[in-house]
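Undergrad: Provided herewith: run15.cif, mmCIF, C-alpha atoms and all ligand atoms.
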data_structure
loop_
_atom_site.label_atom_id
_atom_site.label_comp_id
_atom_site.auth_asym_id
_atom_site.auth_seq_id
_atom_site.Cartn_x
_atom_site.Cartn_y
_atom_site.Cartn_z
CA MET A 1 -156.15 94.82 -23.75
CA THR A 2 -157.09 98.11 -25.39
CA ILE A 3 -154.00 100.24 -25.83
CA GLY A 4 -154.77 103.72 -27.13
CA ASN A 5 -157.65 103.03 -29.50
CA ALA A 6 -156.32 99.68 -30.62
CA TYR A 7 -157.13 96.22 -29.29
CA LYS A 8 -153.80 94.53 -28.48
CA VAL A 9 -153.18 91.23 -26.75
CA LYS A 10 -150.30 91.53 -24.29
CA TRP A 11 -148.31 88.36 -24.94
CA GLY A 12 -146.16 86.53 -22.43
CA ILE A 13 -143.58 84.29 -24.10
CA LEU A 14 -142.75 81.20 -22.09
CA SER A 15 -139.19 80.00 -22.90
CA THR A 16 -136.34 81.53 -24.87
CA GLY A 17 -135.40 78.85 -27.45
CA TRP A 18 -135.35 78.88 -31.25
CA ILE A 19 -139.07 79.03 -31.95
CA ALA A 20 -139.69 81.55 -29.16
CA HIS A 21 -137.31 83.91 -30.97
CA GLN A 22 -139.18 83.43 -34.25
CA PHE A 23 -142.53 84.06 -32.59
CA ALA A 24 -141.30 87.16 -30.75
CA THR A 25 -139.80 88.59 -33.95
CA ASP A 26 -143.04 88.03 -35.85
CA LEU A 27 -145.24 89.57 -33.16
CA ALA A 28 -144.02 92.93 -34.46
CA HIS A 29 -146.13 92.17 -37.56
CA ALA A 30 -149.29 91.28 -35.62
CA SER A 31 -151.98 93.95 -35.85
CA ASN A 32 -153.65 93.00 -32.58
CA GLY A 33 -150.85 91.90 -30.26
CA LEU A 34 -147.51 92.85 -28.76
CA ALA A 35 -144.72 91.08 -26.91
CA TYR A 36 -145.14 92.32 -23.36
CA ALA A 37 -143.17 89.83 -21.24
CA VAL A 38 -140.90 86.81 -21.46
CA GLY A 39 -140.30 84.05 -18.90
CA SER A 40 -137.35 81.70 -18.79
CA ARG A 41 -135.80 79.24 -16.37
CA SER A 42 -133.07 81.82 -15.87
CA GLN A 43 -133.10 85.58 -15.42
CA GLU A 44 -130.05 85.91 -17.65
CA SER A 45 -131.74 84.23 -20.60
CA ALA A 46 -134.97 86.18 -20.06
CA ASP A 47 -133.04 89.46 -19.92
CA GLU A 48 -131.10 88.71 -23.09
CA PHE A 49 -134.29 87.69 -24.94
CA ALA A 50 -136.13 90.81 -23.73
CA ARG A 51 -133.23 93.06 -24.80
CA LYS A 52 -133.08 91.48 -28.23
CA HIS A 53 -136.82 91.88 -28.90
CA GLY A 54 -137.47 95.11 -27.01
CA ILE A 55 -139.76 93.33 -24.53
CA PRO A 56 -140.49 95.44 -21.42
CA VAL A 57 -140.64 92.70 -18.77
CA ALA A 58 -138.32 89.70 -18.20
CA HIS A 59 -139.24 87.05 -15.61
CA ALA A 60 -136.80 84.55 -14.10
CA THR A 61 -139.39 81.77 -13.84
CA TYR A 62 -142.33 80.50 -15.85
CA GLU A 63 -144.49 80.90 -12.71
CA ASP A 64 -143.71 84.62 -12.49
CA LEU A 65 -144.56 85.03 -16.17
CA VAL A 66 -147.99 83.38 -15.99
CA ASN A 67 -148.82 85.26 -12.77
CA ASP A 68 -147.95 88.63 -14.27
CA PRO A 69 -151.34 90.41 -14.12
CA GLU A 70 -150.56 92.39 -17.29
CA VAL A 71 -150.15 89.27 -19.44
CA ASP A 72 -153.30 88.32 -21.42
CA ALA A 73 -152.05 85.31 -23.38
CA VAL A 74 -149.14 82.95 -22.93
CA TYR A 75 -147.23 81.47 -25.87
CA ILE A 76 -145.53 78.15 -25.01
CA GLY A 77 -142.33 77.32 -26.91
CA THR A 78 -140.74 74.59 -24.79
CA PRO A 79 -140.02 71.03 -26.07
CA HIS A 80 -143.16 68.89 -26.35
CA PRO A 81 -142.82 66.86 -23.10
CA PHE A 82 -143.22 70.11 -21.13
CA HIS A 83 -146.24 71.47 -23.01
CA LYS A 84 -148.81 69.84 -20.74
CA ASP A 85 -147.38 71.22 -17.48
CA ASN A 86 -146.61 74.61 -19.02
CA ALA A 87 -150.08 74.94 -20.52
CA LEU A 88 -151.76 73.93 -17.27
CA LEU A 89 -149.57 76.40 -15.37
CA ALA A 90 -150.73 79.23 -17.62
CA LEU A 91 -154.39 78.16 -17.67
CA ARG A 92 -154.47 77.85 -13.87
CA ALA A 93 -153.27 81.45 -13.75
CA GLY A 94 -156.31 82.32 -15.88
CA LYS A 95 -154.40 83.05 -19.09
CA ALA A 96 -155.28 82.33 -22.69
CA VAL A 97 -152.81 79.81 -24.14
CA LEU A 98 -151.23 79.30 -27.55
CA CYS A 99 -149.11 76.14 -27.37
CA GLU A 100 -146.50 74.96 -29.88
CA LYS A 101 -147.04 71.88 -31.97
CA PRO A 102 -147.34 69.06 -31.23
CA PHE A 103 -149.79 70.24 -28.59
CA THR A 104 -148.58 67.47 -26.25
CA VAL A 105 -146.76 64.14 -26.53
CA ASN A 106 -150.00 62.15 -26.57
CA SER A 107 -153.74 62.66 -26.62
CA GLY A 108 -154.16 61.75 -22.94
CA GLU A 109 -152.07 64.78 -21.97
CA LEU A 110 -154.05 67.00 -24.30
CA GLU A 111 -157.36 65.76 -22.90
CA GLU A 112 -156.27 67.00 -19.45
CA ILE A 113 -155.48 70.47 -20.76
CA VAL A 114 -158.60 70.71 -22.87
CA ALA A 115 -160.78 69.61 -19.94
CA TYR A 116 -159.30 72.33 -17.74
CA ALA A 117 -159.63 75.03 -20.38
CA ARG A 118 -163.24 74.07 -21.14
CA GLU A 119 -164.23 73.84 -17.49
CA HIS A 120 -162.81 77.31 -16.82
CA LYS A 121 -163.88 78.79 -20.18
CA LEU A 122 -160.33 79.76 -21.10
CA PHE A 123 -158.97 80.16 -24.61
CA LEU A 124 -156.65 77.39 -25.82
CA MET A 125 -155.15 76.78 -29.26
CA GLU A 126 -152.45 74.67 -30.92
CA ALA A 127 -149.80 76.80 -32.64
CA MET A 128 -150.36 75.07 -36.00
CA TRP A 129 -149.24 78.27 -37.74
CA SER A 130 -149.56 76.91 -41.31
CA ARG A 131 -153.33 76.66 -40.90
CA TYR A 132 -153.54 80.46 -40.69
CA LEU A 133 -151.15 81.37 -43.54
CA PRO A 134 -152.86 83.14 -46.46
CA ALA A 135 -151.90 80.53 -49.09
CA ASN A 136 -153.44 77.73 -47.03
CA VAL A 137 -156.53 79.85 -46.36
CA LYS A 138 -156.79 80.25 -50.15
CA VAL A 139 -156.50 76.45 -50.58
CA ARG A 140 -159.51 76.04 -48.29
CA GLU A 141 -161.44 78.67 -50.25
CA TRP A 142 -160.69 77.00 -53.62
CA ILE A 143 -161.75 73.62 -52.26
CA ALA A 144 -164.94 74.98 -50.67
CA ALA A 145 -165.81 76.68 -53.97
CA GLN A 146 -165.45 73.27 -55.72
CA ARG A 147 -162.72 74.69 -57.98
CA ILE A 148 -161.07 71.24 -58.25
CA GLY A 149 -164.29 69.24 -57.99
CA ASP A 150 -164.44 66.48 -55.40
CA VAL A 151 -161.14 66.12 -53.59
CA ARG A 152 -159.69 62.62 -53.80
CA LEU A 153 -156.00 62.72 -52.94
CA VAL A 154 -153.67 64.77 -50.74
CA LYS A 155 -149.89 64.42 -50.93
CA ALA A 156 -147.74 66.26 -48.40
CA ASP A 157 -144.20 65.66 -47.18
CA LEU A 158 -142.00 67.47 -44.70
CA GLY A 159 -138.44 66.45 -44.01
CA PHE A 160 -135.02 67.89 -43.36
CA ARG A 161 -131.67 66.38 -42.47
CA ALA A 162 -130.89 67.49 -38.94
CA ASP A 163 -127.31 67.17 -37.71
CA TRP A 164 -126.54 64.06 -35.69
CA ASN A 165 -127.17 65.14 -32.09
CA PRO A 166 -128.54 62.33 -29.91
CA GLU A 167 -128.97 64.71 -26.97
CA GLY A 168 -130.87 67.37 -28.93
CA ARG A 169 -134.64 67.58 -28.92
CA LEU A 170 -135.11 66.11 -32.43
CA LEU A 171 -133.54 62.71 -31.67
CA ASN A 172 -133.66 62.46 -27.89
CA PRO A 173 -136.60 60.35 -26.58
CA ALA A 174 -136.55 62.26 -23.28
CA LEU A 175 -137.32 65.46 -25.21
CA GLY A 176 -140.06 63.85 -27.31
CA GLY A 177 -137.74 63.32 -30.30
CA GLY A 178 -138.71 61.73 -33.59
CA ALA A 179 -140.11 62.72 -36.96
CA LEU A 180 -143.78 61.96 -36.38
CA LEU A 181 -144.23 64.37 -33.48
CA ASP A 182 -141.87 67.05 -34.74
CA VAL A 183 -142.68 67.25 -38.46
CA GLY A 184 -145.32 64.54 -39.05
CA ILE A 185 -147.94 66.59 -37.29
CA TYR A 186 -147.80 69.07 -40.20
CA PRO A 187 -148.79 66.77 -43.09
CA VAL A 188 -151.31 64.98 -40.85
CA SER A 189 -152.87 68.31 -39.87
CA PHE A 190 -152.82 69.42 -43.53
CA ALA A 191 -154.70 66.27 -44.58
CA SER A 192 -157.06 66.81 -41.65
CA MET A 193 -157.72 70.37 -42.84
CA ILE A 194 -158.99 68.91 -46.12
CA PHE A 195 -160.55 65.55 -45.25
CA GLY A 196 -161.17 65.95 -41.52
CA PRO A 197 -159.30 64.17 -38.72
CA HIS A 198 -160.99 60.75 -38.86
CA PRO A 199 -159.56 58.47 -41.57
CA GLU A 200 -161.14 55.03 -41.81
CA SER A 201 -157.75 53.33 -41.87
CA VAL A 202 -154.07 54.12 -41.47
CA ALA A 203 -151.10 52.20 -42.89
CA SER A 204 -147.53 53.16 -42.10
CA THR A 205 -143.87 52.31 -42.45
CA VAL A 206 -141.11 53.69 -40.26
CA HIS A 207 -137.35 53.83 -39.95
CA MET A 208 -136.39 53.79 -36.28
CA GLY A 209 -132.96 55.32 -35.66
CA GLU A 210 -130.18 54.54 -33.19
CA THR A 211 -131.65 56.71 -30.43
CA GLY A 212 -134.90 54.73 -30.49
CA VAL A 213 -137.06 57.37 -32.18
CA ASP A 214 -138.47 57.47 -35.71
CA GLU A 215 -136.14 59.22 -38.18
CA HIS A 216 -138.53 59.01 -41.10
CA PHE A 217 -141.92 57.51 -41.87
CA SER A 218 -144.64 57.12 -44.48
CA LEU A 219 -148.37 57.20 -43.79
CA LEU A 220 -151.24 56.25 -46.02
CA LEU A 221 -154.60 57.44 -44.72
CA SER A 222 -157.81 56.22 -46.26
CA TYR A 223 -161.07 58.12 -45.71
CA GLY A 224 -163.48 56.01 -47.76
CA GLY A 225 -165.31 57.24 -50.84
CA GLY A 226 -162.07 57.13 -52.84
CA LYS A 227 -160.35 59.69 -50.64
CA SER A 228 -156.81 59.16 -49.41
CA ALA A 229 -153.71 60.99 -48.19
CA SER A 230 -150.09 60.02 -48.76
CA LEU A 231 -147.84 61.68 -46.20
CA ASN A 232 -144.13 61.44 -45.36
CA GLY A 233 -141.92 63.03 -42.77
CA GLY A 234 -138.32 62.90 -41.59
CA VAL A 235 -135.80 64.59 -39.35
CA ARG A 236 -132.75 62.93 -40.93
CA LEU A 237 -133.87 63.10 -44.55
CA ASN A 238 -134.26 66.08 -46.84
CA MET A 239 -137.60 66.01 -48.64
CA MET A 240 -139.50 68.17 -51.07
CA GLN A 241 -142.06 70.12 -49.07
CA GLU A 242 -144.70 71.06 -51.62
CA ALA A 243 -148.21 69.73 -51.08
CA TYR A 244 -150.62 68.57 -53.76
CA VAL A 245 -154.38 68.32 -53.57
CA PHE A 246 -156.02 66.42 -56.42
CA GLY A 247 -159.70 66.61 -57.26
CA THR A 248 -161.94 65.24 -59.97
CA GLU A 249 -161.76 68.52 -61.95
CA GLY A 250 -158.31 69.85 -61.19
CA HIS A 251 -155.55 70.15 -58.62
CA ILE A 252 -153.78 72.57 -56.30
CA VAL A 253 -150.05 72.89 -55.69
CA VAL A 254 -148.96 74.57 -52.46
CA LYS A 255 -145.58 75.87 -53.54
CA GLY A 256 -142.25 75.76 -51.77
CA SER A 257 -143.29 74.39 -48.41
CA PHE A 258 -146.91 73.75 -47.47
CA VAL A 259 -145.90 74.52 -43.88
CA ASN A 260 -144.79 78.02 -44.79
CA PRO A 261 -146.07 78.70 -48.32
CA ARG A 262 -145.66 81.94 -50.22
CA SER A 263 -147.80 80.87 -53.15
CA ALA A 264 -150.34 78.34 -54.37
CA GLU A 265 -151.43 77.34 -57.85
CA LEU A 266 -154.83 76.20 -59.05
CA TYR A 267 -155.05 73.92 -62.11
CA ALA A 268 -158.20 72.95 -63.98
CA GLY A 269 -157.89 69.94 -66.25
CA GLY A 270 -154.10 70.27 -66.16
CA GLU A 271 -154.08 74.01 -67.07
CA LEU A 272 -152.85 76.63 -64.61
CA VAL A 273 -155.86 78.92 -64.10
CA GLU A 274 -154.98 80.94 -60.97
CA THR A 275 -151.96 81.73 -58.85
CA PHE A 276 -152.13 83.09 -55.34
CA GLU A 277 -149.11 85.05 -54.10
CA ASP A 278 -148.54 85.99 -50.47
CA ASP A 279 -146.24 89.01 -50.32
CA ARG A 280 -146.05 89.17 -46.55
CA THR A 281 -142.88 90.46 -44.93
CA SER A 282 -143.21 88.38 -41.75
CA THR A 283 -142.00 84.80 -41.42
CA GLY A 284 -145.61 83.82 -40.84
CA TYR A 285 -146.08 83.37 -37.09
CA ALA A 286 -147.99 86.66 -36.82
CA PHE A 287 -151.08 85.05 -38.37
CA GLU A 288 -151.62 82.52 -35.57
CA ALA A 289 -151.08 85.31 -33.02
CA GLU A 290 -153.67 87.46 -34.81
CA GLU A 291 -156.11 84.52 -34.78
CA VAL A 292 -155.76 84.35 -31.00
CA GLY A 293 -156.45 88.09 -30.77
CA ARG A 294 -159.50 87.82 -33.03
CA CYS A 295 -160.89 84.93 -30.99
CA LEU A 296 -160.31 86.69 -27.66
CA GLN A 297 -161.95 89.86 -28.93
CA ALA A 298 -164.92 87.82 -30.13
CA GLY A 299 -165.18 86.01 -26.78
CA LEU A 300 -164.31 82.61 -28.29
CA THR A 301 -162.45 79.93 -26.35
CA GLU A 302 -161.32 77.99 -29.44
CA SER A 303 -160.26 78.83 -32.96
CA PRO A 304 -162.93 77.87 -35.51
CA ALA A 305 -160.15 77.15 -38.04
CA LEU A 306 -158.61 74.48 -35.78
CA THR A 307 -160.87 73.30 -33.01
CA LEU A 308 -159.63 71.49 -29.92
CA ASP A 309 -161.57 68.41 -31.01
CA GLU A 310 -159.61 68.41 -34.27
CA SER A 311 -156.26 68.83 -32.48
CA LEU A 312 -157.27 65.96 -30.18
CA ALA A 313 -158.28 63.69 -33.05
CA VAL A 314 -155.00 64.37 -34.87
CA LEU A 315 -153.02 63.53 -31.74
CA LYS A 316 -155.04 60.32 -31.29
CA LEU A 317 -154.06 59.38 -34.82
CA LEU A 318 -150.39 59.93 -33.98
CA ASP A 319 -150.86 57.82 -30.81
CA GLN A 320 -152.30 55.02 -32.93
CA VAL A 321 -149.39 55.15 -35.39
CA ARG A 322 -146.80 55.19 -32.60
CA ALA A 323 -148.53 52.25 -30.92
CA GLU A 324 -148.13 50.25 -34.16
CA TRP A 325 -144.43 51.14 -34.18
CA GLY A 326 -143.99 50.39 -30.46
CA LEU A 327 -142.65 53.91 -29.89
CA VAL A 328 -143.24 54.85 -26.26
CA TYR A 329 -141.70 57.92 -24.67
CA PRO A 330 -140.20 57.99 -21.14
CA GLY A 331 -142.95 58.70 -18.63
CA GLU A 332 -145.78 57.43 -20.88
N1 LIG B 401 -143.97 76.23 -35.28
C1 LIG B 401 -142.76 75.99 -35.74
O1 LIG B 401 -142.40 76.37 -36.86
C2 LIG B 401 -141.79 75.27 -34.86
C3 LIG B 401 -140.44 75.24 -35.22
C4 LIG B 401 -139.55 74.64 -34.34
C5 LIG B 401 -140.00 74.07 -33.17
N2 LIG B 401 -141.32 74.09 -32.86
C6 LIG B 401 -141.81 73.49 -31.62
O2 LIG B 401 -141.41 74.34 -30.55
C7 LIG B 401 -140.98 73.58 -29.43
C8 LIG B 401 -139.57 74.02 -29.04
O3 LIG B 401 -138.69 73.83 -30.12
P1 LIG B 401 -137.32 74.68 -30.26
O4 LIG B 401 -136.67 74.19 -31.50
O5 LIG B 401 -137.57 76.12 -30.10
O6 LIG B 401 -136.51 74.13 -28.99
P2 LIG B 401 -135.26 74.78 -28.28
O7 LIG B 401 -134.54 75.72 -29.17
O8 LIG B 401 -134.49 73.64 -27.69
O9 LIG B 401 -135.88 75.67 -27.11
C9 LIG B 401 -136.69 75.12 -26.12
C10 LIG B 401 -136.73 76.06 -24.93
O10 LIG B 401 -137.57 75.46 -23.96
C11 LIG B 401 -137.13 75.76 -22.65
N3 LIG B 401 -136.98 74.52 -21.87
C12 LIG B 401 -137.65 74.24 -20.73
N4 LIG B 401 -137.29 73.07 -20.23
C13 LIG B 401 -136.35 72.58 -21.07
C14 LIG B 401 -135.57 71.40 -21.06
N5 LIG B 401 -135.65 70.47 -20.07
N6 LIG B 401 -134.71 71.19 -22.07
C15 LIG B 401 -134.58 72.09 -23.05
N7 LIG B 401 -135.30 73.25 -23.11
C16 LIG B 401 -136.17 73.49 -22.10
C17 LIG B 401 -135.80 76.52 -22.80
O11 LIG B 401 -136.07 77.89 -22.56
P3 LIG B 401 -135.61 78.60 -21.18
O12 LIG B 401 -134.19 78.18 -20.99
O13 LIG B 401 -135.78 80.02 -21.47
O14 LIG B 401 -136.50 78.11 -20.09
C18 LIG B 401 -135.40 76.28 -24.24
O15 LIG B 401 -134.69 77.35 -24.78
C19 LIG B 401 -141.11 72.11 -29.82
O16 LIG B 401 -142.31 71.59 -29.30
C20 LIG B 401 -141.19 72.14 -31.35
O17 LIG B 401 -141.98 71.10 -31.90
C21 LIG B 401 -142.22 74.70 -33.68
#
Represent the structure from my file as structure tokens, please.
Ligand SMILES: NC(=O)c1ccc[n+]([C@@H]2O[C@H](COP(=O)([O-])OP(=O)(O)OC[C@H]3O[C@@H](n4cnc5c(N)ncnc54)[C@H](OP(=O)(O)O)[C@@H]3O)[C@@H](O)[C@H]2O)c1

TA:
Amino acid sequence: MTIGNAYKVKWGILSTGWIAHQFATDLAHASNGLAYAVGSRSQESADEFARKHGIPVAHATYEDLVNDPEVDAVYIGTPHPFHKDNALLALRAGKAVLCEKPFTVNSGELEEIVAYAREHKLFLMEAMWSRYLPANVKVREWIAAQRIGDVRLVKADLGFRADWNPEGRLLNPALGGGALLDVGIYPVSFASMIFGPHPESVASTVHMGETGVDEHFSLLLSYGGGKSASLNGGVRLNMMQEAYVFGTEGHIVVKGSFVNPRSAELYAGGELVETFEDDRTSTGYAFEAEEVGRCLQAGLTESPALTLDESLAVLKLLDQVRAEWGLVYPGE
């Protein structure tokens, strides 16, 4: 992993879809990693992806990718129903794994992966990239420094109007479609970052669409002690994507989109007192990749900023909400 004098994780990218392209592009901005190999279900797609991103090695199968002895860490960018098998494939080959959100379709699947990773002391992390973005790191710092007093309320929404495509991954139950798993994980994870992953109670409403998956939803999480989170998500509804964190002495606005923020504002008693600007040139996926590199270099098997127990608890929460809605995916 040391190339020249620099520590660099040699990444293997598993799949060649939309998010895999974003991740590969952003790896060029990562100080401690490089895109070394890609694996696809077809040689043609792997070759095209490798050409586009200047990746030296292109594998025609996921198996060949994870068994490439030069690969240190595998990034998984397949649709959610395949995450469990893909992650286990990579872990069984002894690789560190960064797996797209949602980690898996349900918490039972994640428990299997986590158990394997822990038993074999292998690194595993959910690709909840927003957690590692500088503006959200600043939000955590402001809260820890009591800059808004005691936090009472989090508001976060994420929604966009996807085209009507019943076969595509966003609306197709066979590909884990639906708003809660695709976008809902973001506001739930954001609230978890602030209040922890164990609300005392959860209330929800949902609009189930024609394909049998949730097109948009609202969640109200209550944590006791006057703390609550109001969260919305949708894949057929455009929504504002700013997040708000209200405390007894002030509030924070995560500007633009809390999933991919470029700035955050701190207010005290209604007055703007500090603005944080992130002038990065990357889209933002380099930060999660760098976190993996930092953890591997430090000999950690989990990221302290998002532990596996937290990812598991968040997924259990989503299981609970889906159970209330009666939303069961094929194979569950
Ligand atoms: N972090 C983010 O900002 C973000 C954004 C979008 C999506 N995501 C997550 O990333 C995952 C993939 O989303 P995406 O939008 O990139 O999907 P996508 O464009 O449809 O790509 C998925 C890729 O997975 C592979 N794949 C393996 N089995 C497949 C199957 N049966 N059907 C379709 N594809 C299959 C394919 O690659 P090969 O043909 O090369 O095998 C395909 O190109 C999802 O879990 C999603 O939640 C994250």

Undergrad: Using only C-alpha atoms and all ligand atoms, determine which residues fall within 7 Å of ligand LIG 401 (chain B), then list them as a PyMOL selection string.

TA: chain A and resi 15-20+39-42+45-46+77-80+82+100-102+127-129+169+182

Undergrad: Would you export the selected residues with C-alpha atoms as a PDB file, in the frame of the given file, please?

TA:
ATOM      1  CA  SER A  15    -139.190  80.000 -22.900  1.00  0.00           C
ATOM      2  CA  THR A  16    -136.340  81.530 -24.870  1.00  0.00           C
ATOM      3  CA  GLY A  17    -135.400  78.850 -27.450  1.00  0.00           C
ATOM      4  CA  TRP A  18    -135.350  78.880 -31.250  1.00  0.00           C
ATOM      5  CA  ILE A  19    -139.070  79.030 -31.950  1.00  0.00           C
ATOM      6  CA  ALA A  20    -139.690  81.550 -29.160  1.00  0.00           C
ATOM      7  CA  GLY A  39    -140.300  84.050 -18.900  1.00  0.00           C
ATOM      8  CA  SER A  40    -137.350  81.700 -18.790  1.00  0.00           C
ATOM      9  CA  ARG A  41    -135.800  79.240 -16.370  1.00  0.00           C
ATOM     10  CA  SER A  42    -133.070  81.820 -15.870  1.00  0.00           C
ATOM     11  CA  SER A  45    -131.740  84.230 -20.600  1.00  0.00           C
ATOM     12  CA  ALA A  46    -134.970  86.180 -20.060  1.00  0.00           C
ATOM     13  CA  GLY A  77    -142.330  77.320 -26.910  1.00  0.00           C
ATOM     14  CA  THR A  78    -140.740  74.590 -24.790  1.00  0.00           C
ATOM     15  CA  PRO A  79    -140.020  71.030 -26.070  1.00  0.00           C
ATOM     16  CA  HIS A  80    -143.160  68.890 -26.350  1.00  0.00           C
ATOM     17  CA  PHE A  82    -143.220  70.110 -21.130  1.00  0.00           C
ATOM     18  CA  GLU A 100    -146.500  74.960 -29.880  1.00  0.00           C
ATOM     19  CA  LYS A 101    -147.040  71.880 -31.970  1.00  0.00           C
ATOM     20  CA  PRO A 102    -147.340  69.060 -31.230  1.00  0.00           C
ATOM     21  CA  ALA A 127    -149.800  76.800 -32.640  1.00  0.00           C
ATOM     22  CA  MET A 128    -150.360  75.070 -36.000  1.00  0.00           C
ATOM     23  CA  TRP A 129    -149.240  78.270 -37.740  1.00  0.00           C
ATOM     24  CA  ARG A 169    -134.640  67.580 -28.920  1.00  0.00           C
ATOM     25  CA  ASP A 182    -141.870  67.050 -34.740  1.00  0.00           C
TER      26      ASP A 182
END

Undergrad: Could you name the residues that touch Asp278 (chain A) at 7 Å or less, counting only C-alpha atoms, but leaving out those on the same chain fewer than 3 positions away, as an MDAnalysis selection string?

TA: chainID A and resid 134:135 262:263

Undergrad: Using C-alpha atoms, can you export the residues from the last selection as a PDB file, in the coordinates of the input?

TA:
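That gives us again_30.pdb:
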ATOM      1  CA  PRO A 134    -152.860  83.140 -46.460  1.00  0.00           C
ATOM      2  CA  ALA A 135    -151.900  80.530 -49.090  1.00  0.00           C
ATOM      3  CA  ARG A 262    -145.660  81.940 -50.220  1.00  0.00           C
ATOM      4  CA  SER A 263    -147.800  80.870 -53.150  1.00  0.00           C
TER       5      SER A 263
END

Undergrad: Could you tell me how far CA of Pro69 (chain A) lies from CA of Glu44 (chain A), in Å and to one decimal?

TA: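 For CA of Pro69 (chain A) relative to CA of Glu44 (chain A), the distance reads 22.0 Å.
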
Undergrad: With a distance cut-off of 6 Å and all atoms listed in the file, select the neighbouring residues of region 83-92 of chain A, excluding the residue or stretch itself and same-chain residues fewer than 3 positions from it, and output the selection as a PyMOL selection string.

TA: chain A and resi 66+80+95+104

Undergrad: What does the distance from CA of Phe103 (chain A) to CA of Phe287 (chain A) come to in Å, to one decimal?

TA: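 A separation of 17.8 Å between them.
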
Undergrad: Give as a compact mmCIF listing (two decimals) with C-alpha atoms, in the coordinates of the input each residue that has an atom at most 9 Å from (-162.9, 79.8, -19.3) in the file, counting only C-alpha atoms.

TA:
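Result file part.txt:
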# COMPACT_ATOMS: atom_id res chain seq x y z
CA LEU A 91 -154.39 78.16 -17.67
CA GLY A 94 -156.31 82.32 -15.88
CA ALA A 96 -155.28 82.33 -22.69
CA TYR A 116 -159.30 72.33 -17.74
CA ALA A 117 -159.63 75.03 -20.38
CA ARG A 118 -163.24 74.07 -21.14
CA GLU A 119 -164.23 73.84 -17.49
CA HIS A 120 -162.81 77.31 -16.82
CA LYS A 121 -163.88 78.79 -20.18
CA LEU A 122 -160.33 79.76 -21.10
CA PHE A 123 -158.97 80.16 -24.61
CA THR A 301 -162.45 79.93 -26.35

Undergrad: Any idea what the distance is between CA of His59 (chain A) and CA of Ala37 (chain A)?

TA: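 Computed distance, CA of His59 (chain A) to CA of Ala37 (chain A), equals 7.4 Å.
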